[in-house]
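*Asks:* Starting off with a structure, shown below.
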Amino acid sequence: MYGLGILQGLGVTLKRLVETYTEDLKWGLKRYTTDEGFSNRQSPDTAGIFTVQYPEEKLAVPERFRFVPFLVVNDDDHPEEPGKYWCTACGICAKVCPPQCIWILRDSDPETGRPVPYPAKFWIDIDICMNCGFCAEFCPFDAIKMDHDYELASYDRTSAHVYDMEKLGKPLSYWQTIAPTRAEEERLAREAGELAKAARRRR
Ligand code: SF4
Ligand code: SF4
């Protein structure tokens with residue numbers, strides 16, 4: 001029927017409006033003053049319209065949320081190479097980055113001068129980054145990931161917003177905390193890849 005979609009949309013809006021008041025009546029002040037109320041407002045089952053008292057309150061972001069990238073680094077308790085960046089300086093992320101805001105300088109062997117698969121420098125201009133996630137999608141080594149930290153504003157555009165390796169590096173355990181499902185899927189895929197490689201070598 002012509003106009004049915006409009007009526008359905010209006011119905012959703014009306015439902016949300018009514019729920020806003022019924023939820024406030026149901027929860028009373030508890031909706032805004034208790035942890036339970038905050039959890040309810042964050043949950044997908046919440047109803048009605050509500051205010052988030054940012055920055056005192058921050059809604060949890062979903063696992064797939066993405067802001068600027070970070071570089072994965074071994075945890076400090078990694079047995080062999082604590083603090084090692086996973087990046088191999090292959091340059092793929094810099095190539096696929098649509099606004100070209102990644103710059104990488106490959107490291108070299110101090111004795112032979114030959115390039116080694118490790119970055120000497122790595123910069124991302126986070127003001128140019130458009131948070132598309134291509135770098136993380138295309139990295140063949142799971143070495144760059146999209147962060148959840150969105151509070152990056154500052155008055156110092158020049159030095160504060162061009163992130164160097166030190167600023168970009170975050171431990172694997174951080175990635176496992178913010179994206180546990182994805183991190184586990186990647187771990188399993190890496191393990192399967194290693195097993196397949198070992199089987200090929202044995203042949
Ligand atoms: S694609 Fe991955 S491994 Fe290659 S340079 Fe970028 S972060 Fe490093
Ligand atoms: S998220 Fe997109 S724009 Fe930002 S650095 Fe990665 S590829 Fe470039």
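Identifiers for the structure tokens are assigned positionally: chains receive A, B, ... in sequence, residues are indexed from 1 per chain, and ligands are indexed from 1 in the order shown.
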As a quick test: using only C-alpha atoms and all ligand atoms, which residues lie no more than 9 Å away from ligand 2? Give them as a PyMOL selection string.
*Replies:* chain A and resi 66-69+93-102+124-126+128-138+144-146
*Asks:* Around ligand 1, at most 8 Å away and counting only C-alpha atoms and all ligand atoms, which residues are there? Put them as a list of chain:residue names, please.
*Replies:*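 Listed by chain and ascending number, the contacts are A:Leu71, A:Trp86, A:Cys87, A:Thr88, A:Ala89, A:Cys90, A:Gly91, A:Ile92, A:Cys93, A:Ala94, A:Ile104, A:Tyr118, A:Pro119, A:Cys135, A:Ala136, A:Phe138, A:Cys139, A:Pro140, A:Phe141, A:Asp142, A:Ala143, A:Ile144.
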*Asks:* Print the selection's residues with N, CA and C atoms to a file, as a short mmCIF file (atom, residue, chain, number, x, y, z; two decimals), in the first residue's frame.
*Replies:*
```cif
data_model
loop_
_atom_site.label_atom_id
_atom_site.label_comp_id
_atom_site.auth_asym_id
_atom_site.auth_seq_id
_atom_site.Cartn_x
_atom_site.Cartn_y
_atom_site.Cartn_z
N LEU A 71 50.06 -0.38 15.74
CA LEU A 71 50.93 -1.49 15.33
C LEU A 71 51.01 -2.52 16.45
N TRP A 86 55.36 -6.57 14.99
CA TRP A 86 55.06 -7.64 14.03
C TRP A 86 55.27 -7.16 12.59
N CYS A 87 55.36 -5.88 12.41
CA CYS A 87 55.47 -5.30 11.08
C CYS A 87 56.77 -5.75 10.41
N THR A 88 56.67 -6.07 9.13
CA THR A 88 57.86 -6.50 8.37
C THR A 88 58.27 -5.41 7.37
N ALA A 89 57.66 -4.26 7.48
CA ALA A 89 57.96 -3.13 6.58
C ALA A 89 57.74 -3.49 5.11
N CYS A 90 56.75 -4.35 4.85
CA CYS A 90 56.48 -4.75 3.46
C CYS A 90 55.90 -3.60 2.64
N GLY A 91 55.27 -2.66 3.32
CA GLY A 91 54.78 -1.47 2.63
C GLY A 91 53.39 -1.59 2.03
N ILE A 92 52.76 -2.75 2.19
CA ILE A 92 51.43 -2.93 1.57
C ILE A 92 50.41 -1.93 2.13
N CYS A 93 50.45 -1.74 3.45
CA CYS A 93 49.47 -0.82 4.06
C CYS A 93 49.63 0.59 3.49
N ALA A 94 50.89 1.00 3.31
CA ALA A 94 51.12 2.35 2.78
C ALA A 94 50.62 2.46 1.34
N ILE A 104 56.76 4.63 5.79
CA ILE A 104 57.57 3.58 6.43
C ILE A 104 59.01 3.67 5.92
N TYR A 118 61.95 -5.28 8.78
CA TYR A 118 61.56 -4.65 10.05
C TYR A 118 61.56 -3.13 9.83
N PRO A 119 60.62 -2.43 10.43
CA PRO A 119 60.61 -0.98 10.20
C PRO A 119 61.61 -0.24 11.10
N CYS A 135 44.34 -0.62 5.74
CA CYS A 135 45.69 -1.04 6.14
C CYS A 135 45.60 -2.34 6.93
N ALA A 136 44.66 -2.40 7.87
CA ALA A 136 44.51 -3.60 8.71
C ALA A 136 43.99 -4.78 7.89
N PHE A 138 44.47 -5.36 4.69
CA PHE A 138 45.43 -5.86 3.69
C PHE A 138 46.73 -6.35 4.30
N CYS A 139 47.03 -6.03 5.55
CA CYS A 139 48.32 -6.45 6.13
C CYS A 139 48.40 -7.97 6.17
N PRO A 140 49.41 -8.56 5.52
CA PRO A 140 49.48 -10.02 5.50
C PRO A 140 50.01 -10.60 6.81
N PHE A 141 50.43 -9.76 7.73
CA PHE A 141 51.07 -10.25 8.96
C PHE A 141 50.27 -9.92 10.22
N ASP A 142 49.05 -9.48 10.09
CA ASP A 142 48.22 -9.09 11.25
C ASP A 142 48.93 -8.05 12.11
N ALA A 143 49.75 -7.23 11.48
CA ALA A 143 50.64 -6.35 12.25
C ALA A 143 50.06 -4.97 12.51
N ILE A 144 48.96 -4.64 11.85
CA ILE A 144 48.35 -3.32 12.06
C ILE A 144 46.87 -3.53 12.29
#
```
*Asks:* Got a sec: who's within 8 Å of Asp107 (chain A), counting only C-alpha atoms, leaving out chain neighbours fewer than 2 positions off, as a CSV table (one decimal) with all heavy atoms, in the first residue's frame?
*Replies:*
```csv
chain,number,residue,atom,x,y,z
A,105,LEU,N,59.9,3.5,6.8
A,105,LEU,CA,61.3,3.4,6.5
A,105,LEU,C,61.8,2.1,6.9
A,105,LEU,O,61.8,1.8,8.1
A,105,LEU,CB,62.1,4.5,7.2
A,105,LEU,CG,63.6,4.6,6.8
A,105,LEU,CD1,63.8,5.0,5.3
A,105,LEU,CD2,64.3,5.6,7.7
A,109,ASP,N,70.5,-3.9,7.9
A,109,ASP,CA,71.5,-4.6,8.7
A,109,ASP,C,72.7,-3.7,8.9
A,109,ASP,O,73.3,-3.2,8.0
A,109,ASP,CB,72.0,-5.9,8.0
A,109,ASP,CG,72.9,-6.8,8.8
A,109,ASP,OD1,73.9,-6.3,9.3
A,109,ASP,OD2,72.6,-8.0,8.9
A,115,PRO,N,68.7,-4.3,3.4
A,115,PRO,CA,67.5,-4.1,4.1
A,115,PRO,C,67.0,-5.4,4.9
A,115,PRO,O,67.3,-6.5,4.4
A,115,PRO,CB,66.5,-3.8,3.0
A,115,PRO,CG,67.2,-4.2,1.7
A,115,PRO,CD,68.6,-4.2,2.0
A,116,VAL,N,66.4,-5.2,6.0
A,116,VAL,CA,65.8,-6.3,6.8
A,116,VAL,C,64.3,-6.1,6.9
A,116,VAL,O,63.8,-4.9,6.9
A,116,VAL,CB,66.5,-6.4,8.2
A,116,VAL,CG1,67.9,-6.8,8.1
A,116,VAL,CG2,66.3,-5.1,9.0
A,117,PRO,N,63.6,-7.2,7.1
A,117,PRO,CA,62.1,-7.0,7.2
A,117,PRO,C,61.7,-6.5,8.5
A,117,PRO,O,61.1,-7.2,9.3
A,117,PRO,CB,61.6,-8.5,6.9
A,117,PRO,CG,62.7,-9.3,7.3
A,117,PRO,CD,64.0,-8.6,7.2
A,118,TYR,N,62.0,-5.3,8.8
A,118,TYR,CA,61.6,-4.6,10.0
A,118,TYR,C,61.6,-3.1,9.8
A,118,TYR,O,62.4,-2.6,9.1
A,118,TYR,CB,62.6,-5.0,11.1
A,118,TYR,CG,62.0,-4.8,12.5
A,118,TYR,CD1,61.0,-5.6,13.1
A,118,TYR,CD2,62.5,-3.8,13.3
A,118,TYR,CE1,60.6,-5.5,14.3
A,118,TYR,CE2,62.0,-3.6,14.6
A,118,TYR,CZ,61.0,-4.4,15.1
A,118,TYR,OH,60.5,-4.3,16.4
A,119,PRO,N,60.6,-2.4,10.4
A,119,PRO,CA,60.6,-1.0,10.2
A,119,PRO,C,61.6,-0.2,11.1
A,119,PRO,O,61.7,-0.5,12.3
A,119,PRO,CB,59.2,-0.6,10.6
A,119,PRO,CG,58.7,-1.6,11.6
A,119,PRO,CD,59.5,-2.9,11.3
A,120,ALA,N,62.3,0.7,10.5
A,120,ALA,CA,63.2,1.6,11.3
A,120,ALA,C,62.3,2.7,11.8
A,120,ALA,O,62.5,3.2,12.9
A,120,ALA,CB,64.4,2.1,10.5
A,121,LYS,N,61.5,3.2,10.9
A,121,LYS,CA,60.5,4.3,11.3
A,121,LYS,C,59.2,3.9,10.7
A,121,LYS,O,59.1,3.3,9.6
A,121,LYS,CB,61.0,5.6,10.6
A,121,LYS,CG,62.4,6.0,11.0
A,121,LYS,CD,62.5,6.9,12.2
A,121,LYS,CE,63.9,7.3,12.4
A,121,LYS,NZ,64.1,7.8,13.8
```
*Asks:* Taking the chain letters and numbering used in this document, name the residues of region 30-99 of chain A that DSSP puts in strand (DSSP E), as a VMD selection string.
*Replies:* chain A and resid 69 to 73
*Asks:* Restricted to N, CA, C and O atoms, what would the selected residues look like written as a PDB file, in the first residue's frame?
*Replies:*
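Contents of the output file result29.pdb:
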```pdb
ATOM      1  N   PRO A  69      44.701   3.477  13.254  1.00  0.00           N
ATOM      2  CA  PRO A  69      45.362   2.174  13.423  1.00  0.00           C
ATOM      3  C   PRO A  69      46.453   2.206  14.510  1.00  0.00           C
ATOM      4  O   PRO A  69      46.917   3.271  14.904  1.00  0.00           O
ATOM      5  N   PHE A  70      46.823   1.013  14.959  1.00  0.00           N
ATOM      6  CA  PHE A  70      48.012   0.878  15.806  1.00  0.00           C
ATOM      7  C   PHE A  70      48.813  -0.327  15.320  1.00  0.00           C
ATOM      8  O   PHE A  70      48.296  -1.172  14.586  1.00  0.00           O
ATOM      9  N   LEU A  71      50.063  -0.380  15.737  1.00  0.00           N
ATOM     10  CA  LEU A  71      50.930  -1.489  15.333  1.00  0.00           C
ATOM     11  C   LEU A  71      51.010  -2.515  16.446  1.00  0.00           C
ATOM     12  O   LEU A  71      51.219  -2.159  17.608  1.00  0.00           O
ATOM     13  N   VAL A  72      50.848  -3.772  16.095  1.00  0.00           N
ATOM     14  CA  VAL A  72      50.883  -4.848  17.094  1.00  0.00           C
ATOM     15  C   VAL A  72      52.334  -5.130  17.493  1.00  0.00           C
ATOM     16  O   VAL A  72      53.222  -5.230  16.641  1.00  0.00           O
ATOM     17  N   VAL A  73      52.521  -5.228  18.805  1.00  0.00           N
ATOM     18  CA  VAL A  73      53.853  -5.455  19.365  1.00  0.00           C
ATOM     19  C   VAL A  73      53.741  -6.662  20.301  1.00  0.00           C
ATOM     20  O   VAL A  73      52.724  -6.839  20.977  1.00  0.00           O
TER      21      VAL A  73
END
```
*Asks:* Between A:Tyr163, A:Trp123, A:Tyr32, A:Trp27, which one has atoms that come closest to Thr51 (chain A), using only C-alpha atoms?
*Replies:*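 Comparing A:Tyr163, A:Trp123, A:Tyr32, A:Trp27 against Thr51 (chain A), the winner is A:Tyr32.
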*Asks:* Under the rule of at most 10 Å, produce a per-residue listing of region 43-159 of chain A near region 18-24 of chain A: chain, number, name, the closest pair of atoms, and the distance in Å, as a tab-separated table, using only C-alpha atoms.
*Replies:*
```
residue	atom	partner	partner_atom	distance
A:Thr46	CA	A:Glu23	CA	8.8
A:Ala47	CA	A:Glu19	CA	6.0
A:Gly48	CA	A:Thr20	CA	3.8
A:Ile49	CA	A:Thr20	CA	5.1
A:Phe50	CA	A:Thr20	CA	7.1
```
*Asks:* Given the choices A:Trp103, A:Asp127, A:Ala183, A:Leu188, which gets closest to Met165 (chain A) if the distance is worked out from only C-alpha atoms?
*Replies:*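 Between A:Trp103, A:Asp127, A:Ala183, A:Leu188, the residue approaching Met165 (chain A) most closely is A:Trp103.
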*Asks:* So, counting only C-alpha atoms, which residue among A:Gly113, A:Gly193, A:Gly11, A:Pro82 is closest to Leu172 (chain A)?
*Replies:*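 Of A:Gly113, A:Gly193, A:Gly11, A:Pro82, the one nearest Leu172 (chain A), counting only C-alpha atoms, is A:Pro82.
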*Asks:* CA of Asp149 (chain A) and CA of Lys30 (chain A), how far apart in Å?
*Replies:*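 Value for the CA of Lys30 (chain A)-CA of Asp149 (chain A) distance: 28.3 Å.
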*Asks:* Rounded to one decimal in Å, what is the spacing between CA of Gly9 (chain A) and CA of Ser39 (chain A)?
*Replies:* 27.5 Å
*Asks:* Identify, with DSSP run on backbone atoms, the residues in chain A assigned to alpha helix (DSSP H), and express the list as an MDAnalysis selection string.
*Replies:* chainID A and resid 4:27 30:33 35:42 92:96 134:138 157:160 165:168 172:178 180:202
*Asks:* Go ahead and write the residues just picked, C-alpha atoms, as a PDB file, in the first residue's frame.
*Replies:*
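File written: again-v1.pdb
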```
ATOM      1  CA  LEU A   4       2.798   2.099   4.352  1.00  0.00           C
ATOM      2  CA  GLY A   5       6.557   2.526   4.809  1.00  0.00           C
ATOM      3  CA  ILE A   6       6.043   6.084   6.037  1.00  0.00           C
ATOM      4  CA  LEU A   7       3.432   4.909   8.540  1.00  0.00           C
ATOM      5  CA  GLN A   8       5.751   2.151   9.759  1.00  0.00           C
ATOM      6  CA  GLY A   9       8.572   4.668  10.213  1.00  0.00           C
ATOM      7  CA  LEU A  10       6.309   6.998  12.152  1.00  0.00           C
ATOM      8  CA  GLY A  11       5.243   4.045  14.278  1.00  0.00           C
ATOM      9  CA  VAL A  12       8.880   3.330  15.198  1.00  0.00           C
ATOM     10  CA  THR A  13       9.426   6.976  16.116  1.00  0.00           C
ATOM     11  CA  LEU A  14       6.276   7.009  18.252  1.00  0.00           C
ATOM     12  CA  LYS A  15       7.297   3.783  19.988  1.00  0.00           C
ATOM     13  CA  ARG A  16      10.701   5.259  20.851  1.00  0.00           C
ATOM     14  CA  LEU A  17       9.051   8.410  22.182  1.00  0.00           C
ATOM     15  CA  VAL A  18       6.674   6.482  24.435  1.00  0.00           C
ATOM     16  CA  GLU A  19       9.443   4.136  25.621  1.00  0.00           C
ATOM     17  CA  THR A  20      11.576   7.100  26.625  1.00  0.00           C
ATOM     18  CA  TYR A  21       8.983   8.044  29.257  1.00  0.00           C
ATOM     19  CA  THR A  22       8.035   4.501  30.300  1.00  0.00           C
ATOM     20  CA  GLU A  23      11.720   3.583  30.824  1.00  0.00           C
ATOM     21  CA  ASP A  24      12.305   6.737  32.878  1.00  0.00           C
ATOM     22  CA  LEU A  25       9.268   5.881  35.004  1.00  0.00           C
ATOM     23  CA  LYS A  26      10.380   2.265  35.376  1.00  0.00           C
ATOM     24  CA  TRP A  27      13.968   3.102  36.384  1.00  0.00           C
ATOM     25  CA  LYS A  30      18.491   4.785  38.946  1.00  0.00           C
ATOM     26  CA  ARG A  31      18.687   4.991  35.166  1.00  0.00           C
ATOM     27  CA  TYR A  32      21.217   7.812  35.411  1.00  0.00           C
ATOM     28  CA  THR A  33      22.843   7.338  38.810  1.00  0.00           C
ATOM     29  CA  ASP A  35      26.054   1.251  37.299  1.00  0.00           C
ATOM     30  CA  GLU A  36      23.084  -0.981  36.612  1.00  0.00           C
ATOM     31  CA  GLY A  37      21.277   1.877  34.907  1.00  0.00           C
ATOM     32  CA  PHE A  38      24.368   2.714  32.843  1.00  0.00           C
ATOM     33  CA  SER A  39      24.718  -0.936  31.774  1.00  0.00           C
ATOM     34  CA  ASN A  40      21.100  -0.933  30.743  1.00  0.00           C
ATOM     35  CA  ARG A  41      21.518   2.223  28.695  1.00  0.00           C
ATOM     36  CA  GLN A  42      24.527   0.627  26.925  1.00  0.00           C
ATOM     37  CA  ILE A  92      51.434  -2.928   1.565  1.00  0.00           C
ATOM     38  CA  CYS A  93      49.471  -0.820   4.060  1.00  0.00           C
ATOM     39  CA  ALA A  94      51.125   2.354   2.777  1.00  0.00           C
ATOM     40  CA  LYS A  95      50.278   1.371  -0.804  1.00  0.00           C
ATOM     41  CA  VAL A  96      46.618   0.660  -0.161  1.00  0.00           C
ATOM     42  CA  PHE A 134      42.201  -0.883   4.583  1.00  0.00           C
ATOM     43  CA  CYS A 135      45.692  -1.042   6.140  1.00  0.00           C
ATOM     44  CA  ALA A 136      44.509  -3.597   8.707  1.00  0.00           C
ATOM     45  CA  GLU A 137      42.534  -5.570   6.115  1.00  0.00           C
ATOM     46  CA  PHE A 138      45.428  -5.859   3.694  1.00  0.00           C
ATOM     47  CA  ARG A 157      48.457  19.493  15.226  1.00  0.00           C
ATOM     48  CA  THR A 158      52.069  19.175  14.076  1.00  0.00           C
ATOM     49  CA  SER A 159      53.857  16.991  16.589  1.00  0.00           C
ATOM     50  CA  ALA A 160      50.930  15.403  18.390  1.00  0.00           C
ATOM     51  CA  MET A 165      56.417   3.911  15.977  1.00  0.00           C
ATOM     52  CA  GLU A 166      56.546   4.447  19.693  1.00  0.00           C
ATOM     53  CA  LYS A 167      53.102   6.026  19.761  1.00  0.00           C
ATOM     54  CA  LEU A 168      51.640   3.487  17.350  1.00  0.00           C
ATOM     55  CA  LEU A 172      49.012  -7.995  21.357  1.00  0.00           C
ATOM     56  CA  SER A 173      47.200  -8.368  24.691  1.00  0.00           C
ATOM     57  CA  TYR A 174      45.591  -4.943  24.053  1.00  0.00           C
ATOM     58  CA  TRP A 175      44.215  -6.178  20.720  1.00  0.00           C
ATOM     59  CA  GLN A 176      42.963  -9.333  22.424  1.00  0.00           C
ATOM     60  CA  THR A 177      41.161  -7.160  24.971  1.00  0.00           C
ATOM     61  CA  ILE A 178      39.417  -4.812  22.558  1.00  0.00           C
ATOM     62  CA  PRO A 180      38.692 -10.859  21.486  1.00  0.00           C
ATOM     63  CA  THR A 181      36.675 -12.644  18.789  1.00  0.00           C
ATOM     64  CA  ARG A 182      38.705 -11.276  15.913  1.00  0.00           C
ATOM     65  CA  ALA A 183      42.013 -11.845  17.717  1.00  0.00           C
ATOM     66  CA  GLU A 184      41.120 -15.480  18.349  1.00  0.00           C
ATOM     67  CA  GLU A 185      40.037 -16.027  14.728  1.00  0.00           C
ATOM     68  CA  GLU A 186      43.333 -14.583  13.570  1.00  0.00           C
ATOM     69  CA  ARG A 187      45.323 -16.740  16.000  1.00  0.00           C
ATOM     70  CA  LEU A 188      43.615 -19.867  14.709  1.00  0.00           C
ATOM     71  CA  ALA A 189      44.189 -18.833  11.096  1.00  0.00           C
ATOM     72  CA  ARG A 190      47.883 -18.190  11.803  1.00  0.00           C
ATOM     73  CA  GLU A 191      48.213 -21.581  13.476  1.00  0.00           C
ATOM     74  CA  ALA A 192      46.511 -23.302  10.534  1.00  0.00           C
ATOM     75  CA  GLY A 193      48.847 -21.454   8.161  1.00  0.00           C
ATOM     76  CA  GLU A 194      51.913 -22.567  10.137  1.00  0.00           C
ATOM     77  CA  LEU A 195      50.719 -26.187  10.137  1.00  0.00           C
ATOM     78  CA  ALA A 196      50.106 -26.100   6.381  1.00  0.00           C
ATOM     79  CA  LYS A 197      53.570 -24.624   5.814  1.00  0.00           C
ATOM     80  CA  ALA A 198      55.202 -27.297   7.977  1.00  0.00           C
ATOM     81  CA  ALA A 199      53.322 -30.029   6.091  1.00  0.00           C
ATOM     82  CA  ARG A 200      54.519 -28.624   2.742  1.00  0.00           C
ATOM     83  CA  ARG A 201      58.116 -28.583   4.007  1.00  0.00           C
ATOM     84  CA  ARG A 202      57.863 -32.240   5.048  1.00  0.00           C
TER      85      ARG A 202
END
```
